[in-house]
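So this one's start.cif, mmCIF, C-alpha atoms:
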data_target
loop_
_atom_site.label_atom_id
_atom_site.label_comp_id
_atom_site.auth_asym_id
_atom_site.auth_seq_id
_atom_site.Cartn_x
_atom_site.Cartn_y
_atom_site.Cartn_z
CA MET A 81 -35.41 62.79 6.36
CA SER A 82 -36.41 62.32 2.73
CA GLU A 83 -34.66 58.90 2.63
CA GLU A 84 -36.55 57.86 5.73
CA LEU A 85 -39.86 58.84 4.22
CA SER A 86 -39.36 57.76 0.63
CA ASN A 87 -41.31 54.82 -0.66
CA ASN A 88 -39.28 52.20 -2.45
CA ASP A 89 -42.24 51.14 -4.62
CA ASN A 90 -42.33 54.52 -6.32
CA PRO A 91 -38.81 55.75 -6.98
CA VAL A 92 -38.24 59.49 -7.49
CA PRO A 93 -37.58 60.34 -11.18
CA GLU A 94 -33.96 60.97 -12.14
CA GLY A 95 -34.11 64.75 -12.52
CA LEU A 96 -36.04 65.36 -9.31
CA GLN A 97 -33.93 63.45 -6.84
CA GLY A 98 -33.12 65.42 -3.70
CA GLN A 99 -35.95 67.85 -4.39
CA ILE A 100 -39.10 65.87 -3.82
CA ALA A 101 -40.05 62.81 -1.83
CA ILE A 102 -42.70 60.31 -2.81
CA THR A 103 -44.25 58.68 0.21
CA SER A 104 -47.37 56.92 1.35
CA LEU A 105 -49.92 58.43 3.69
CA ASP A 106 -49.22 55.76 6.29
CA LYS A 107 -45.53 56.53 6.28
CA ILE A 108 -45.83 60.26 6.70
CA TYR A 109 -48.59 59.82 9.27
CA ASN A 110 -46.53 57.37 11.31
CA TRP A 111 -43.39 59.43 10.95
CA SER A 112 -45.04 62.56 12.31
CA ARG A 113 -46.91 60.60 14.96
CA ARG A 114 -43.89 58.80 16.35
CA SER A 115 -41.60 61.82 16.20
CA SER A 116 -43.80 63.82 18.54
CA ILE A 117 -45.15 61.53 21.20
CA TRP A 118 -46.01 63.77 24.08
CA PRO A 119 -46.18 61.86 27.33
CA MET A 120 -48.47 62.85 30.13
CA MET A 121 -46.69 64.31 33.12
CA PHE A 122 -47.65 62.23 36.09
CA GLY A 123 -45.82 59.74 38.24
CA LEU A 124 -47.16 57.14 40.59
CA ALA A 125 -44.27 55.66 42.54
CA CYS A 126 -40.53 55.05 42.51
CA CYS A 127 -40.48 54.37 38.74
CA ALA A 128 -41.45 58.02 38.31
CA ILE A 129 -38.02 59.00 39.65
CA GLU A 130 -36.41 57.04 36.82
CA MET A 131 -38.84 58.65 34.39
CA ILE A 132 -37.78 62.09 35.64
CA ALA A 133 -34.13 61.08 35.22
CA THR A 134 -34.93 60.02 31.65
CA ALA A 135 -36.52 63.37 30.90
CA ALA A 136 -33.54 65.24 32.34
CA SER A 137 -30.44 66.23 30.39
CA ARG A 138 -28.38 63.06 30.81
CA TYR A 139 -30.77 60.82 28.85
CA ASP A 140 -32.90 63.56 27.32
CA LEU A 141 -36.31 62.59 25.98
CA ALA A 142 -36.07 65.58 23.64
CA ARG A 143 -33.94 63.49 21.29
CA PHE A 144 -37.09 61.49 20.52
CA GLY A 145 -39.41 64.47 20.31
CA MET A 146 -40.96 63.65 23.68
CA GLU A 147 -39.65 66.52 25.75
CA VAL A 148 -43.05 68.17 26.14
CA LEU A 149 -44.44 66.34 29.13
CA ARG A 150 -47.98 67.65 29.16
CA ALA A 151 -49.71 68.26 32.44
CA SER A 152 -53.11 67.91 30.77
CA PRO A 153 -54.44 64.64 29.34
CA ARG A 154 -56.11 66.62 26.54
CA GLN A 155 -52.72 67.39 25.03
CA ALA A 156 -50.98 64.06 25.65
CA ASP A 157 -50.48 61.09 23.33
CA LEU A 158 -48.77 58.69 25.67
CA MET A 159 -49.53 57.67 29.21
CA ILE A 160 -46.48 56.32 31.02
CA VAL A 161 -47.90 54.40 33.96
CA SER A 162 -44.83 54.71 36.12
CA GLY A 163 -45.26 52.73 39.26
CA THR A 164 -47.64 50.89 41.55
CA VAL A 165 -51.28 51.44 40.68
CA THR A 166 -53.35 51.34 43.84
CA LYS A 167 -57.06 50.58 43.88
CA LYS A 168 -57.63 54.14 44.93
CA MET A 169 -55.69 55.46 41.93
CA ILE A 170 -57.10 53.26 39.15
CA PRO A 171 -60.37 55.22 38.70
CA ILE A 172 -58.30 58.36 38.18
CA ILE A 173 -55.97 56.61 35.73
CA VAL A 174 -58.94 55.33 33.73
CA ARG A 175 -60.47 58.80 33.74
CA LEU A 176 -57.21 60.33 32.52
CA TYR A 177 -57.04 57.69 29.80
CA ASN A 178 -60.61 58.47 28.72
CA GLN A 179 -59.78 62.16 28.62
CA MET A 180 -56.81 61.67 26.31
CA PRO A 181 -57.60 62.34 22.65
CA GLU A 182 -56.93 59.60 20.11
CA PRO A 183 -54.41 58.38 19.03
CA LYS A 184 -53.38 57.39 22.51
CA TYR A 185 -50.87 54.91 23.77
CA VAL A 186 -50.15 53.40 27.17
CA LEU A 187 -46.76 52.25 28.38
CA ALA A 188 -46.60 50.16 31.55
CA MET A 189 -43.30 51.00 33.19
CA GLY A 190 -41.91 48.62 35.75
CA ALA A 191 -43.04 45.42 37.38
CA CYS A 192 -45.88 46.98 39.40
CA ALA A 193 -47.61 48.62 36.46
CA SER A 194 -47.24 45.57 34.20
CA GLY A 195 -48.05 42.74 36.57
CA GLY A 196 -48.43 44.02 40.09
CA GLY A 197 -44.80 43.31 40.95
CA PRO A 198 -44.05 42.60 44.59
CA PHE A 199 -47.53 43.79 45.52
CA LYS A 200 -49.37 41.46 43.16
CA GLU A 201 -51.44 39.96 45.94
CA GLY A 202 -51.78 43.17 47.94
CA TYR A 203 -55.20 44.13 49.22
CA ASN A 204 -54.96 47.62 47.81
CA VAL A 205 -52.96 47.19 44.60
CA VAL A 206 -54.15 46.56 41.06
CA SER A 207 -52.03 43.68 39.77
CA GLY A 208 -51.33 45.04 36.33
CA VAL A 209 -52.79 48.17 34.81
CA ASP A 210 -53.67 46.14 31.68
CA LYS A 211 -56.71 44.85 33.53
CA PHE A 212 -58.29 48.24 32.93
CA VAL A 213 -56.57 50.09 30.11
CA PRO A 214 -55.03 48.58 26.95
CA VAL A 215 -51.24 48.58 27.32
CA ASP A 216 -49.01 48.85 24.24
CA VAL A 217 -45.54 48.27 25.68
CA TYR A 218 -44.48 46.57 28.89
CA ILE A 219 -41.11 47.40 30.44
CA PRO A 220 -39.97 44.90 33.07
CA GLY A 221 -37.62 45.99 35.83
CA CYS A 222 -37.90 47.29 39.33
CA PRO A 223 -37.45 50.07 38.49
CA PRO A 224 -36.38 50.05 34.84
CA THR A 225 -33.24 52.12 34.35
CA PRO A 226 -33.54 55.24 32.18
CA GLN A 227 -32.00 53.32 29.30
CA ALA A 228 -34.57 50.55 29.71
CA LEU A 229 -37.32 53.17 29.57
CA LEU A 230 -35.77 54.65 26.43
CA HIS A 231 -35.70 51.15 24.93
CA GLY A 232 -39.39 50.81 25.72
CA LEU A 233 -40.10 54.17 24.09
CA ILE A 234 -38.17 53.12 20.98
CA LYS A 235 -40.25 49.94 20.91
CA MET A 236 -43.31 52.15 21.09
CA GLN A 237 -42.05 54.15 18.10
CA GLU A 238 -41.51 50.90 16.20
CA LYS A 239 -45.05 49.86 17.00
CA ILE A 240 -46.40 53.18 15.71
CA ASP A 241 -44.30 52.73 12.56
CA GLY A 242 -46.11 49.49 11.89
CA GLN A 243 -49.61 50.96 12.13
CA SER A 244 -51.85 51.72 9.20
CA VAL A 245 -54.36 54.56 8.94
CA LEU A 246 -56.92 52.09 7.60
CA GLU A 247 -56.60 49.75 10.54
CA VAL A 248 -56.20 51.97 13.59
CA PRO A 249 -59.42 52.13 15.62
CA TRP A 250 -59.60 55.92 15.80
CA TYR A 251 -60.43 56.58 12.14
CA ARG A 252 -63.44 54.29 11.94
CA SER A 253 -66.94 55.67 11.66
CA GLU A 254 -68.24 54.05 14.82
CA PRO A 255 -67.42 55.88 18.06
CA ILE A 256 -64.93 54.40 20.49
CA ASP A 257 -66.52 53.48 23.77
CA GLU A 258 -65.12 54.94 26.92
CA ILE A 259 -63.65 52.56 29.42
CA PRO A 260 -66.08 52.38 32.32
CA GLN A 261 -64.58 53.84 35.43
CA PRO A 262 -63.84 51.14 37.98
CA LEU A 263 -65.35 51.70 41.37
CA LEU A 264 -63.76 50.94 44.69
CA GLY A 265 -65.38 47.90 46.22
CA PRO A 266 -66.81 47.86 49.72
CA ASP A 267 -64.30 48.24 52.52
CA LEU A 268 -62.93 45.00 53.81
CA ILE A 269 -63.50 46.14 57.38
CA ASP A 270 -65.53 48.89 58.92
CA PRO A 271 -63.67 50.19 61.97
CA ARG A 272 -66.98 51.01 63.63
CA ASP A 273 -67.75 47.30 63.80
CA ILE A 274 -64.72 46.60 65.99
CA PRO A 275 -65.85 46.70 69.65
CA ASP A 276 -62.74 48.43 71.01
CA PHE A 277 -62.87 51.12 68.40
CA ALA A 278 -66.63 51.55 68.77
CA GLU A 279 -66.20 52.12 72.50
CA LYS A 280 -63.52 54.72 71.95
CA LEU A 281 -65.61 56.43 69.31
CA LYS A 282 -68.60 56.53 71.64
CA ALA A 283 -66.48 57.93 74.48
CA GLN A 284 -65.10 60.59 72.18
CA GLU A 285 -68.55 61.60 71.00
CA GLU A 286 -69.76 61.87 74.59
CA ARG A 287 -66.78 63.98 75.53
CA LEU A 288 -67.37 66.30 72.60
CA ALA A 289 -71.04 66.59 73.48
CA ALA A 290 -70.12 67.43 77.10
CA GLU A 291 -67.66 70.08 75.89
CA ARG A 292 -70.30 71.64 73.68
CA GLU A 293 -72.64 71.98 76.62
CA MET B 193 -31.53 94.08 41.94
CA TYR B 194 -33.94 91.90 40.08
CA GLY B 195 -32.95 89.30 37.53
CA VAL B 196 -29.39 88.58 38.72
CA GLY B 197 -30.19 84.96 39.53
CA LEU B 198 -31.90 84.58 36.19
CA VAL B 199 -28.89 85.92 34.30
CA LYS B 200 -26.55 83.67 36.31
CA GLY B 201 -28.67 80.62 35.54
CA MET B 202 -28.84 81.44 31.86
CA GLY B 203 -25.07 81.97 31.96
CA VAL B 204 -24.59 78.37 33.08
CA THR B 205 -26.78 77.17 30.22
CA ILE B 206 -24.91 79.27 27.67
CA LYS B 207 -21.58 78.06 29.06
CA HIS B 208 -22.67 74.46 28.51
CA PHE B 209 -23.91 75.34 25.04
CA VAL B 210 -20.65 76.99 23.97
CA ASN B 211 -18.51 74.34 25.67
CA THR B 212 -20.25 71.62 23.65
CA TYR B 213 -18.96 73.15 20.42
CA VAL B 214 -15.49 73.79 21.88
CA ASP B 215 -15.38 70.14 22.99
CA ASP B 216 -16.56 68.99 19.58
CA LEU B 217 -13.65 70.86 17.96
CA ARG B 218 -11.26 69.27 20.43
CA TRP B 219 -12.42 65.80 19.32
CA PHE B 220 -12.23 66.81 15.63
CA GLY B 221 -15.94 66.13 15.20
CA ARG B 222 -15.72 62.66 16.78
CA ARG B 223 -17.35 63.72 20.02
CA TYR B 224 -20.31 61.38 19.51
CA TYR B 225 -20.50 57.62 18.86
CA ASN B 226 -16.89 57.28 19.92
CA PRO B 227 -16.20 55.08 22.99
CA GLU B 228 -13.16 57.12 24.01
CA ALA B 229 -14.98 60.44 23.91
CA PHE B 230 -17.99 58.85 25.56
CA ALA B 231 -15.91 57.74 28.56
CA VAL B 232 -14.58 61.30 28.97
CA ARG B 233 -18.06 62.72 28.55
CA GLN B 234 -19.33 60.55 31.42
CA SER B 235 -16.38 61.43 33.69
CA PRO B 236 -15.94 64.52 35.92
CA GLN B 237 -13.81 66.04 33.13
CA ALA B 238 -16.89 66.36 30.92
CA GLN B 239 -17.27 69.60 28.97
CA GLY B 240 -20.54 70.77 27.49
CA ILE B 241 -23.54 68.49 27.26
CA PHE B 242 -23.07 65.00 28.60
CA THR B 243 -26.17 63.31 27.20
CA VAL B 244 -25.94 59.56 26.66
CA GLN B 245 -26.86 59.15 23.01
CA TYR B 246 -28.90 56.01 23.61
CA PRO B 247 -29.35 53.71 21.60
CA GLU B 248 -26.14 54.48 19.69
CA GLU B 249 -24.15 54.83 22.89
CA LYS B 250 -24.84 52.74 25.95
CA LEU B 251 -23.53 53.18 29.45
CA ILE B 252 -21.17 50.45 30.59
CA MET B 253 -22.96 48.84 33.48
CA PRO B 254 -21.02 48.13 36.68
CA GLU B 255 -20.53 44.46 37.37
CA GLU B 256 -22.96 44.35 40.28
CA PHE B 257 -25.74 45.87 38.21
CA ARG B 258 -28.64 43.43 38.22
CA TYR B 259 -31.76 43.06 36.20
CA ILE B 260 -33.46 39.72 35.48
CA PRO B 261 -32.03 36.42 36.74
CA PHE B 262 -30.73 33.72 34.43
CA LEU B 263 -29.86 30.05 34.90
CA ILE B 264 -26.37 28.77 34.27
CA TYR B 265 -25.54 25.50 32.57
CA ASP B 266 -22.11 23.95 32.11
CA GLU B 267 -21.13 22.66 28.70
CA LEU B 268 -19.67 19.20 29.20
CA GLU B 269 -16.86 17.87 27.05
CA ASP B 270 -19.19 15.66 25.02
CA GLY B 271 -21.28 18.70 24.12
CA THR B 272 -24.26 18.08 26.39
CA ARG B 273 -25.67 20.64 28.75
CA GLN B 274 -25.41 20.08 32.48
CA ASP B 275 -27.76 22.32 34.42
CA ARG B 276 -26.29 23.59 37.63
CA CYS B 277 -29.79 23.95 39.04
CA THR B 278 -30.90 20.98 41.12
CA SER B 279 -34.49 22.21 41.53
CA CYS B 280 -34.04 22.44 45.30
CA GLY B 281 -36.48 25.35 45.37
CA ILE B 282 -34.56 27.64 47.72
CA CYS B 283 -34.74 30.53 45.25
CA ALA B 284 -38.50 30.09 44.93
CA LYS B 285 -38.81 30.15 48.72
CA VAL B 286 -36.68 33.26 49.31
CA CYS B 287 -38.09 35.22 46.35
CA PRO B 288 -39.91 38.14 48.01
CA PRO B 289 -42.52 38.63 45.28
CA GLN B 290 -42.77 34.86 44.64
CA CYS B 291 -42.13 35.02 40.92
CA ILE B 292 -40.24 31.71 40.51
CA TRP B 293 -42.01 28.47 39.64
CA ILE B 294 -40.02 25.27 39.34
CA VAL B 295 -41.28 21.97 37.92
CA ARG B 296 -39.23 19.11 39.30
CA SER B 297 -38.44 16.14 37.11
CA ASP B 298 -38.69 12.42 37.76
CA ASP B 299 -36.66 9.58 36.39
CA PRO B 300 -38.85 8.04 33.66
CA GLU B 301 -37.81 4.48 34.60
CA THR B 302 -37.91 4.44 38.36
CA GLY B 303 -40.30 7.36 38.89
CA ARG B 304 -38.07 8.82 41.57
CA PRO B 305 -37.18 12.51 41.56
CA ILE B 306 -33.88 13.51 40.00
CA PRO B 307 -32.01 16.73 40.86
CA GLU B 308 -32.83 18.58 37.65
CA PRO B 309 -35.64 20.99 36.82
CA SER B 310 -37.86 19.95 33.93
CA GLU B 311 -39.19 23.49 33.73
CA PHE B 312 -38.25 26.76 35.35
CA PHE B 313 -40.47 29.84 35.08
CA ILE B 314 -39.78 33.40 36.13
CA ASP B 315 -42.48 35.99 35.64
CA ILE B 316 -40.32 39.01 34.90
CA ASP B 317 -43.33 41.27 35.32
CA ILE B 318 -43.27 40.33 38.99
CA CYS B 319 -39.50 40.07 39.54
CA MET B 320 -38.19 42.99 41.56
CA ASN B 321 -34.50 42.50 40.64
CA CYS B 322 -33.49 42.12 44.29
CA GLY B 323 -30.98 39.33 43.62
CA LEU B 324 -31.92 37.26 46.67
CA CYS B 325 -32.27 34.13 44.50
CA SER B 326 -28.65 34.41 43.41
CA GLU B 327 -27.51 35.23 46.95
CA TYR B 328 -29.13 32.11 48.37
CA CYS B 329 -28.49 29.62 45.58
CA PRO B 330 -26.19 26.93 47.05
CA PHE B 331 -25.19 25.61 43.60
CA GLU B 332 -24.14 28.86 41.87
CA ALA B 333 -26.91 28.15 39.38
CA ILE B 334 -28.95 31.36 39.23
CA ARG B 335 -27.33 34.73 38.68
CA MET B 336 -28.44 38.22 37.73
CA ASP B 337 -28.21 39.42 34.13
CA HIS B 338 -27.26 42.86 32.86
CA ASP B 339 -29.62 42.97 29.88
CA TYR B 340 -32.21 45.68 30.36
CA GLU B 341 -33.49 45.89 26.78
CA ILE B 342 -36.35 43.50 27.28
CA SER B 343 -39.52 45.56 26.86
CA THR B 344 -42.24 43.71 24.97
CA TYR B 345 -45.66 44.21 23.40
CA ASP B 346 -47.35 41.30 25.10
CA ARG B 347 -47.04 40.35 28.69
CA PHE B 348 -48.40 36.81 28.83
CA SER B 349 -46.67 35.34 25.79
CA GLU B 350 -43.28 36.99 26.20
CA ASN B 351 -42.72 38.14 29.76
CA ILE B 352 -43.01 34.76 31.48
CA TYR B 353 -39.56 33.35 30.90
CA ASN B 354 -39.23 29.59 30.69
CA LYS B 355 -36.15 27.44 31.14
CA GLU B 356 -35.21 27.70 27.49
CA LYS B 357 -35.17 31.48 27.69
CA LEU B 358 -33.43 31.61 31.07
CA ASP B 359 -30.68 29.09 30.33
CA LYS B 360 -27.33 30.68 29.58
CA PRO B 361 -23.92 29.00 29.33
CA ALA B 362 -21.27 29.54 32.00
CA SER B 363 -19.18 31.38 29.40
CA PHE B 364 -21.95 34.01 29.16
CA TYR B 365 -21.77 34.45 32.92
CA ALA B 366 -17.99 34.82 32.74
CA ALA B 367 -18.39 37.52 30.09
CA VAL B 368 -21.08 39.46 31.97
CA ARG B 369 -19.70 39.27 35.50
CA PRO B 370 -16.02 38.25 35.39
CA LEU B 371 -15.19 38.93 39.06
CA ASN B 372 -18.25 37.10 40.36
CA TYR B 373 -17.51 34.25 37.99
CA ALA B 374 -14.00 33.87 39.45
CA ILE B 375 -15.41 33.80 42.99
CA ASP B 376 -17.97 31.18 41.97
CA GLU B 377 -15.39 29.02 40.24
CA ALA B 378 -13.21 29.10 43.37
CA ALA B 379 -16.21 28.09 45.48
CA ILE B 380 -17.05 25.20 43.14
CA ALA B 381 -13.41 24.02 43.13
CA GLU B 382 -13.36 24.11 46.93
CA LYS B 383 -16.58 22.08 47.07
CA VAL B 384 -15.19 19.49 44.68
CA ALA B 385 -11.94 19.26 46.69
CA LYS B 386 -13.89 18.82 49.93
CA LYS B 387 -16.00 16.10 48.42
CA ALA B 388 -12.92 14.30 47.11
CA ALA B 389 -11.21 14.52 50.51
CA LYS B 390 -14.32 13.16 52.20
CA GLU B 391 -14.51 10.31 49.74
CA ALA B 392 -10.81 9.50 50.23
CA ALA B 393 -11.23 9.47 54.03
CA ARG B 394 -14.25 7.20 53.75
CA LYS B 395 -12.33 4.77 51.53
CA GLN B 396 -9.42 4.74 53.97
CA ARG B 397 -11.74 4.00 56.88
CA GLN B 398 -13.36 1.22 54.88
CA ALA B 399 -9.94 -0.28 54.04
CA GLU B 400 -8.91 -0.21 57.71
CA LYS B 401 -12.16 -1.86 58.71
CA ASP B 402 -11.64 -4.59 56.12
CA ARG B 403 -8.10 -5.20 57.32
CA LYS B 404 -9.29 -5.51 60.93
CA THR B 405 -11.99 -8.00 60.02
CA ASP B 406 -9.42 -9.98 58.02
CA GLU B 407 -7.14 -10.19 61.04
#

Step by step, read the file and then write its structure as structure tokens.
Amino acid sequence: MSEELSNNDNPVPEGLQGQIAITSLDKIYNWSRRSSIWPMMFGLACCAIEMIATAASRYDLARFGMEVLRASPRQADLMIVSGTVTKKMIPIIVRLYNQMPEPKYVLAMGACASGGGPFKEGYNVVSGVDKFVPVDVYIPGCPPTPQALLHGLIKMQEKIDGQSVLEVPWYRSEPIDEIPQPLLGPDLIDPRDIPDFAEKLKAQEERLAAERE
Amino acid sequence: MYGVGLVKGMGVTIKHFVNTYVDDLRWFGRRYYNPEAFAVRQSPQAQGIFTVQYPEEKLIMPEEFRYIPFLIYDELEDGTRQDRCTSCGICAKVCPPQCIWIVRSDDPETGRPIPEPSEFFIDIDICMNCGLCSEYCPFEAIRMDHDYEISTYDRFSENIYNKEKLDKPASFYAAVRPLNYAIDEAAIAEKVAKKAAKEAARKQRQAEKDRKTDE
């Protein structure tokens, strides 16, 4: 551990080697940050099954310090968007992202979360979660295998290693704005406007009224 | 009696825990990062924990494992690349999520189309790894890769693969999928033989025709 943390610019004096480590704030900050990324425990679609397999004993997220999948966004550092994001789900995803404390990271797992995948032109699917929340790592694949997910998580660790306390947005004096929650647009069709359905609805209402009497 | 199931479950965990150390002794401390031990650890004979120590150890993917497609080019004897792809567009038509975009090329002198793509794009953030493109390709030009370590930081600059990124030599294909490569080579040889036979028959017919007109 001390080799990993030690700063080559300031070598440890001869007599103290193996007893102390000289490091920079960035290095120790990034080391602790990346060694305990706690993902949020939620799954959206089939990619979630691969995510569960990754967390289980064969691939074992615990080797990266990520075994604590938190059920609460308040305790999570990483949001793994695992699967198709529907228009109904995106307000909830954005709310969960807003509720996460900084530093927070987002990983788009699979084709659907990164670019919409096979449903990119679907009427009810968000084609890429990066339209709403900032994504740090994209993992292609449909679904990505557990090893591909682990590769994405290692990439995430590398990204955190490259950050600097002076540059990250969450230590600046100005507050970070929340992402406005997207609203569902108007329905494409209102079933009550369809004549057949309107007739049936009217008949049903009449029947119910007759039963009540 | 309460707690029997709990004790039994914990027993299984402890058995795995102890077995890991027993197995480690059996391998003389070379239980990890050792291909031989890794193969045993992934087999039904596994003792103790069987975690894949990714990224130091990687599972050997079966041949039919598929991820992102790639294009095959043949290396000709004079060192130039000959794309197998003829830009017919069948893969783009069968692709269920429509992630393939082909730019056809024209002959600069005559302006007529030539069977070669000038650009070939696959948006791997759309690709669903179904393999239909490789199933339908009549020229054995597009095949599925095994490489899954392709996560990136930026989607638009890195995840839209162009022809340069997709092009792989036939030797790469032979290394990744040897059995499929053999099948493809047989198919290509058969096609070439058929074409040669057809050409020979045509020449013979032409010769007979010439002889008749001479008479």

| CA of Arg369 (chain B) to CA of Met320 (chain B), straight-line distance in Å |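 Separation of CA of Met320 (chain B) and CA of Arg369 (chain B): 19.8 Å.
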
Interface residues on chain A facing chain B, 9 Å, all atoms listed in the file, written as a short mmCIF file (atom, residue, chain, number, x, y, z; two decimals) with C-alpha atoms, in the frame of the given file:
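Final output, saved to part-v4.cif:
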data_model
loop_
_atom_site.label_atom_id
_atom_site.label_comp_id
_atom_site.auth_asym_id
_atom_site.auth_seq_id
_atom_site.Cartn_x
_atom_site.Cartn_y
_atom_site.Cartn_z
CA SER A 137 -30.44 66.23 30.39
CA ARG A 138 -28.38 63.06 30.81
CA TYR A 139 -30.77 60.82 28.85
CA ASP A 140 -32.90 63.56 27.32
CA ARG A 143 -33.94 63.49 21.29
CA GLY A 190 -41.91 48.62 35.75
CA ALA A 191 -43.04 45.42 37.38
CA CYS A 192 -45.88 46.98 39.40
CA ALA A 193 -47.61 48.62 36.46
CA SER A 194 -47.24 45.57 34.20
CA GLY A 195 -48.05 42.74 36.57
CA GLY A 196 -48.43 44.02 40.09
CA GLY A 197 -44.80 43.31 40.95
CA PRO A 198 -44.05 42.60 44.59
CA PHE A 199 -47.53 43.79 45.52
CA LYS A 200 -49.37 41.46 43.16
CA GLY A 208 -51.33 45.04 36.33
CA VAL A 215 -51.24 48.58 27.32
CA ASP A 216 -49.01 48.85 24.24
CA VAL A 217 -45.54 48.27 25.68
CA TYR A 218 -44.48 46.57 28.89
CA ILE A 219 -41.11 47.40 30.44
CA PRO A 220 -39.97 44.90 33.07
CA GLY A 221 -37.62 45.99 35.83
CA CYS A 222 -37.90 47.29 39.33
CA PRO A 223 -37.45 50.07 38.49
CA PRO A 224 -36.38 50.05 34.84
CA THR A 225 -33.24 52.12 34.35
CA GLN A 227 -32.00 53.32 29.30
CA ALA A 228 -34.57 50.55 29.71
CA LEU A 229 -37.32 53.17 29.57
CA LEU A 230 -35.77 54.65 26.43
CA HIS A 231 -35.70 51.15 24.93
CA GLY A 232 -39.39 50.81 25.72
CA ILE A 234 -38.17 53.12 20.98
CA LYS A 235 -40.25 49.94 20.91
CA MET A 236 -43.31 52.15 21.09
CA LYS A 239 -45.05 49.86 17.00
#

| field | For CA of Ser279 (chain B) and CA of Ser310 (chain B), the interatomic separation in Å (one decimal) | value |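 A separation of 8.6 Å between them.
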
| query | CA of Ala399 (chain B) to CA of Lys387 (chain B): how many Å, to one decimal? | reply |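 Interatomic distance here is 18.3 Å.
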
| query | Near Met121 (chain A), within 6 Å and counting all atoms listed in the file, which residues show up once chain neighbours fewer than 4 positions away are dropped, as a ChimeraX atom specification? | reply | /A:149-151

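Evaluated against this file, the PyMOL selection byres ((chain B and resi 198-213) around 6) yields B:Gly195, B:Val196, B:Gly197, B:Val214, B:Asp215, B:Asp216, B:Gln239, B:Gly240, B:Ile241.
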
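Among the candidate residues B:Glu391, B:Glu269, B:Asp376, B:Glu255, the one lying nearest to Asp337 (chain B) is B:Glu255, with distances computed using all atoms listed in the file.
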
| task | Select, from A:Leu263, A:Ile160, A:Met189, A:Ala136, the residue with the minimum atom-to-atom distance to Tyr177 (chain A), counting only C-alpha atoms. | result |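 With only C-alpha atoms as the atom set, the closest residue is A:Ile160.
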
| task | Please provide as a ChimeraX atom specification all residues within 8 Å of Lys184 (chain A), with the sequence filter that same-chain residues fewer than 3 positions apart are discarded (counting all atoms listed in the file). | result | /A:156-159,180-181

| Got a sec to resolve the PyMOL selection byres ((chain A and resi 173) around 10) on this structure and send the residues as a list in words? | Met159, Val161, Val165, Lys168, Met169, Ile170, Pro171, Ile172, Val174, Arg175, Leu176, Tyr177, Asn178, Gln179, Val209, Phe212, Val213, Gln261 and Pro262 of chain A

What does the PyMOL selection byres ((chain B and resi 356) around 12) select in this file, as a compact mmCIF listing (two decimals) with C-alpha atoms, keeping the file's coordinate frame?
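Generated file (part.txt):
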# COMPACT_ATOMS: atom_id res chain seq x y z
CA PHE B 262 -30.73 33.72 34.43
CA LEU B 263 -29.86 30.05 34.90
CA ILE B 264 -26.37 28.77 34.27
CA TYR B 265 -25.54 25.50 32.57
CA ARG B 273 -25.67 20.64 28.75
CA ASP B 275 -27.76 22.32 34.42
CA PRO B 309 -35.64 20.99 36.82
CA SER B 310 -37.86 19.95 33.93
CA GLU B 311 -39.19 23.49 33.73
CA PHE B 312 -38.25 26.76 35.35
CA PHE B 313 -40.47 29.84 35.08
CA ILE B 314 -39.78 33.40 36.13
CA ILE B 352 -43.01 34.76 31.48
CA TYR B 353 -39.56 33.35 30.90
CA ASN B 354 -39.23 29.59 30.69
CA LYS B 355 -36.15 27.44 31.14
CA LYS B 357 -35.17 31.48 27.69
CA LEU B 358 -33.43 31.61 31.07
CA ASP B 359 -30.68 29.09 30.33
CA LYS B 360 -27.33 30.68 29.58
CA PRO B 361 -23.92 29.00 29.33

| message | Can you tell me which residues surround Phe144 (chain A) at a distance of at most 9 Å, considering all atoms listed in the file, apart from same-chain residues fewer than 2 positions away, and format the answer as a list in words? | response |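 Neighbouring residues, sequence-local ones excluded: Arg114, Ser115, Ser116, Ile117, Asp140, Leu141, Ala142, Met146, Glu147, Leu233 and Ile234 of chain A.
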